[in-house]
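Here is the structure we will look at.
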Amino acid sequence: MPAPSIEQLLDRLDELKRPAGGTRRARLASVLRQAARRRFTDAWSLVRFHETLLYLRAYPQSASLLEDTEKLLNSFSQRVERLRADGADMSAFEYSDASGIAATGFSAVFGYDITRWLARAHASRVRLVWDDYEGHAHLNLVWPKFLPLFEEDAYVDAHVSFLAWVRAAKRRRESELSWLMRQFERLPIDDKARAEMFEPLRLWVRWELGDSKATRTLMRRPPRRIFYHDAPLLSRRDVSLERELDAPPLPLERLSRAAGEQLLGMGRDTMAVRFRELHGFTHGDPARVVRAEAGRGLEIFLWGVAGARRLPLLGYHAGIFFKNGVPMGYHEGLSLFERVEIGLNLFYTFRDGESAWAYARLMRLYKQLLGADTFSIDPYQLGGSGNEEGIESGAFWFYRKLGFRPVRAELARLVATEERKIAARENYRTSPRTLRRLASGHVVYESRDAATPGEWDGFQVRNLGLAVNRRMAREFDGDARKIRDASLAEVTRALDARGAKLNAAERRAFSNFALVLALVPGLARWTGVEKRDALRIMRAKAGADETRYLRLLRRHARLRRAIIALGTNSRIE
């Protein structure tokens with residue numbers, strides 16, 4: 001019989017990569033050896049082989065298979081270089097769904113903070129790319145801050161050689177990127193202002209990855225022990241959110257600041273090689289990183305952000321998953337009182353794994369650390385707002401089958417109709433059009449600890465902001481400074497807080513809260529304890545850790561009722 005083609009071998013590996021034990025494991029080892037001996041002739045087949053190897057590394061079925069997989073990944077750059085030497089089209093490695101493989105590179109536009117991070121952490125591997133650059137107009141506004149007499153050229157020549165000016169100004173052997181970041185750091189403004197000046201430049205950065213530990217191929221966090229999957233994976237049917245949320249707390253460990261810095265660095269690299277930036281990774285607080293031992297080789301890390309980068313009202317947390325030492329995905333939580341809007345993104349390589357179980361463990365951690373008992377999913381996560389990947393994967397049904405329910409009555413009726421069709425017709429599949437309708441609203445899961453089921457259904461934090469802005473238009477002629485000053489004065493009087501001594505971070509938190517509290521009728525009639533507790537909450541927002549802020553929020557029943565009412569556009573009692 002003729003030897004199987006590479007595509008046939010990859011198909012077999014895809015069939016065998018999910019653990020099932022017995023003879024299937026032996027067949028997997030055999031097919032893996034056959035694939036390892038083959039010379040790949042196109043980039044997409046090599047990418048596919050790479051993703052299968054990463055999956056097998058995260059979900060190892062035996063010690064010998066783990067060793068074989070690790071050896072193949074450690075030598076993967078040789079396959080890439082061989083493909084390059086053969087003159088193959090390498091452009092596949094530049095796409096976001098394949099980027100990050102050893103011995104490849106890619107170009108992307110990043111924000112100021114991540115560009116600065118790359119310039120520091122990977123100085124020898126990153127550079128600016130000027131080919132086909134189109135941001136000359138904004139460059140002409142920024143370059144004079146760094147290059148004396150640049151205006152003489154830029155304002156009279158439509159085709160000024162801006163690169164010649166940079167090369168004249170930089171040190172010998174200094175890269176253009178290092179020079180540029182050094183100039184920005186010298187500006188007498190804060191990082192937020194630097195970012196506002198840098199990002200409109202839309203500068204392309206080229207990252208040649210080589211055999212860096214930042215590659216998806218080689219990035220590892222040494223696991224304390226390997227969990228071998230010698231039995232079928234846990235499916236969604238094996239997961240009960242009710243049972244998970246009632247389970248004992250997960251074992252937790254607080255990382256040292258140095259270990260937190262290292263972990264956040266891995267997180268930034270993990271995101272950047274996938275063309276992604278996330279607020280919590282860019283501005284994560286290394287002193288507040290918590291590790292949860294979730295079981296089955298899964299580690300969940302969670303952290304907050306430093307005071308200057310916090311959101312005005314919501315508590316913000318983010319983190320990363322590692323499965324047997326391999327980065328598997330990331331999460332983000334936006335919390336207010338006991339409600340958290342929680343997002344989980346498992347990298348596409350691992351979505352055929354124990355996704356439902358990992359998500360359930362994440363919810364358990366958010367309940368344990370933040371006191372959450374009401375979990376909300378944003379429509380985008382379900383496939384709304386143009387998220388076609390969510391539609392293709394049927395993301396709505398992933399959450400629905402875990403127990404989440406739509407908060408809008410018309411969507412609840414549509415779900416009931418679809419579930420009847422699914423029950424009646426074995427091969428029925430919800431159409432993309434219907435999935436888009438189902439994904440147009442939030443879904444919610446409430447644990448048994450939820451005080452009043454349905455209480456948060458109509459709430460959206462943006463309603464608070466819209467109410468503030470309507471007042472600004474109505475009473476302050478659209479002037480943001482006037483409404484902020486007026487609200488601060490009103491709330492200070494109402495809470496009897498004239499003598500409160502606040503530091504700069506606390507004053508910022510007070511100012512943000514005042515915009516919303518100024519909308520609360522009868523605020524001045526709150527009891528003395530309620531007023532003091534409200535002030536404690538605003539101080540806690542600026543504290544070392546937002547978990548205390550969320551805990552104090554949950555204790556303030558009157559403030560909670562007011563915020564829910566404002567966020568659902570209903571009357572406050």
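Letters A, B, ... mark the chains of the structure tokens in the order given; residue numbers begin at 1 per chain; ligand numbers begin at 1, in order shown.
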Next item on the list: Would you mind writing down, as a ChimeraX atom specification, each residue of stretch 106-211 of chain A that DSSP on the backbone assigns to strand (DSSP E or B)?
Entry: /A:106-109,126-129,204-208
Using 6 Å as the limit and counting only C-alpha atoms, can you tabulate each residue of stretch 21-137 of chain A that touches stretch 223-241 of chain A, with its shortest atom-to-atom distance in Å and the two atoms involved, as JSON lines?
{"residue": "A:Gly21", "atom": "CA", "partner": "A:Asp230", "partner_atom": "CA", "distance": 5.3}
{"residue": "A:Pro60", "atom": "CA", "partner": "A:Tyr228", "partner_atom": "CA", "distance": 5.4}
{"residue": "A:Gln61", "atom": "CA", "partner": "A:His229", "partner_atom": "CA", "distance": 4.7}
{"residue": "A:Ser62", "atom": "CA", "partner": "A:Tyr228", "partner_atom": "CA", "distance": 5.8}
Next item on the list: List the neighbours of A:Leu346 out to 7 Å using only C-alpha atoms; skip same-chain residues closer than 3 positions along the sequence, and give me the result as a list of chain:residue names.
Entry: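 Neighbouring residues, sequence-local ones excluded: A:Met328, A:Gly329, A:Tyr330, A:Phe350, A:Arg351.
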Note to self: Could you go through stretch 260-443 of chain A and tell me which residues DSSP, when run on the backbone, assigns to alpha helix (DSSP H), listing them as number ranges by chain?
What the structure shows: A: 260-272, 279-282, 355-370, 379-382, 388-393, 395-402, 409-424, 432-438
Margin query: List as number ranges by chain the protein and nucleic acid residues near stretch 533-535 of chain A, meaning an atom at most 10 Å away when only C-alpha atoms are counted, but skip any in the same chain fewer than 5 places from it.
Written below: A: 492, 495-497, 500, 506, 510, 513, 517, 527-528, 540, 552-553, 555-556, 558-559
Notebook entry, point to check: With distances taken over only C-alpha atoms, which of A:Asp457, A:Glu208, A:Glu546, A:Glu51 is nearest to A:Asp14?
Noted result: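 Between A:Asp457, A:Glu208, A:Glu546, A:Glu51, the residue approaching A:Asp14 most closely is A:Glu51.
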Notebook entry, point to check: Could you name the residues that touch A:Asp211 at 12 Å or less, counting only C-alpha atoms, but leaving out those on the same chain fewer than 6 positions away, as a ChimeraX atom specification?
Noted result: /A:73-78,80-81,100-105,125,217-219
Can those selected residues be exported to a file as a PDB file, in the first residue's frame so that it contains C-alpha atoms?
ATOM      1  CA  LEU A  73       8.490  20.970  19.470  1.00  0.00           C
ATOM      2  CA  ASN A  74      12.044  21.715  20.648  1.00  0.00           C
ATOM      3  CA  SER A  75      13.355  20.990  17.156  1.00  0.00           C
ATOM      4  CA  PHE A  76      10.479  22.590  15.297  1.00  0.00           C
ATOM      5  CA  SER A  77      12.523  25.578  14.142  1.00  0.00           C
ATOM      6  CA  GLN A  78      14.569  23.195  11.995  1.00  0.00           C
ATOM      7  CA  VAL A  80      10.580  25.871   9.544  1.00  0.00           C
ATOM      8  CA  GLU A  81      14.099  26.666   8.327  1.00  0.00           C
ATOM      9  CA  GLY A 100       4.110  32.752  17.143  1.00  0.00           C
ATOM     10  CA  ILE A 101       5.802  29.593  15.842  1.00  0.00           C
ATOM     11  CA  ALA A 102       9.540  29.187  16.416  1.00  0.00           C
ATOM     12  CA  ALA A 103      11.875  30.503  13.655  1.00  0.00           C
ATOM     13  CA  THR A 104       9.138  32.704  12.188  1.00  0.00           C
ATOM     14  CA  GLY A 105       8.337  36.383  12.486  1.00  0.00           C
ATOM     15  CA  ARG A 125      14.501  40.712  17.934  1.00  0.00           C
ATOM     16  CA  THR A 217       6.211  26.521  20.346  1.00  0.00           C
ATOM     17  CA  LEU A 218       8.457  26.825  23.383  1.00  0.00           C
ATOM     18  CA  MET A 219       6.723  28.898  26.042  1.00  0.00           C
TER      19      MET A 219
END
Next item on the list: Just the residues within 7 Å of stretch 131-139 of chain A, please, counting only C-alpha atoms, with nothing from its chain fewer than 4 positions along; format it as a PyMOL selection string.
Entry: chain A and resi 143+200-202
Prev. selection, N, CA and C atoms, output as a PDB file, in the first residue's frame:
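Below is the file that was written, out_2.pdb:
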ATOM      1  N   TRP A 143       7.545  64.342  15.257  1.00  0.00           N
ATOM      2  CA  TRP A 143       8.997  64.347  15.062  1.00  0.00           C
ATOM      3  C   TRP A 143       9.680  65.645  15.519  1.00  0.00           C
ATOM      4  N   PRO A 200      -1.509  57.192  17.515  1.00  0.00           N
ATOM      5  CA  PRO A 200      -1.929  57.638  16.181  1.00  0.00           C
ATOM      6  C   PRO A 200      -0.841  57.507  15.116  1.00  0.00           C
ATOM      7  N   LEU A 201       0.417  57.332  15.508  1.00  0.00           N
ATOM      8  CA  LEU A 201       1.480  57.121  14.535  1.00  0.00           C
ATOM      9  C   LEU A 201       1.306  55.804  13.789  1.00  0.00           C
ATOM     10  N   ARG A 202       0.691  54.818  14.447  1.00  0.00           N
ATOM     11  CA  ARG A 202       0.441  53.491  13.868  1.00  0.00           C
ATOM     12  C   ARG A 202       1.708  52.919  13.238  1.00  0.00           C
TER      13      ARG A 202
END
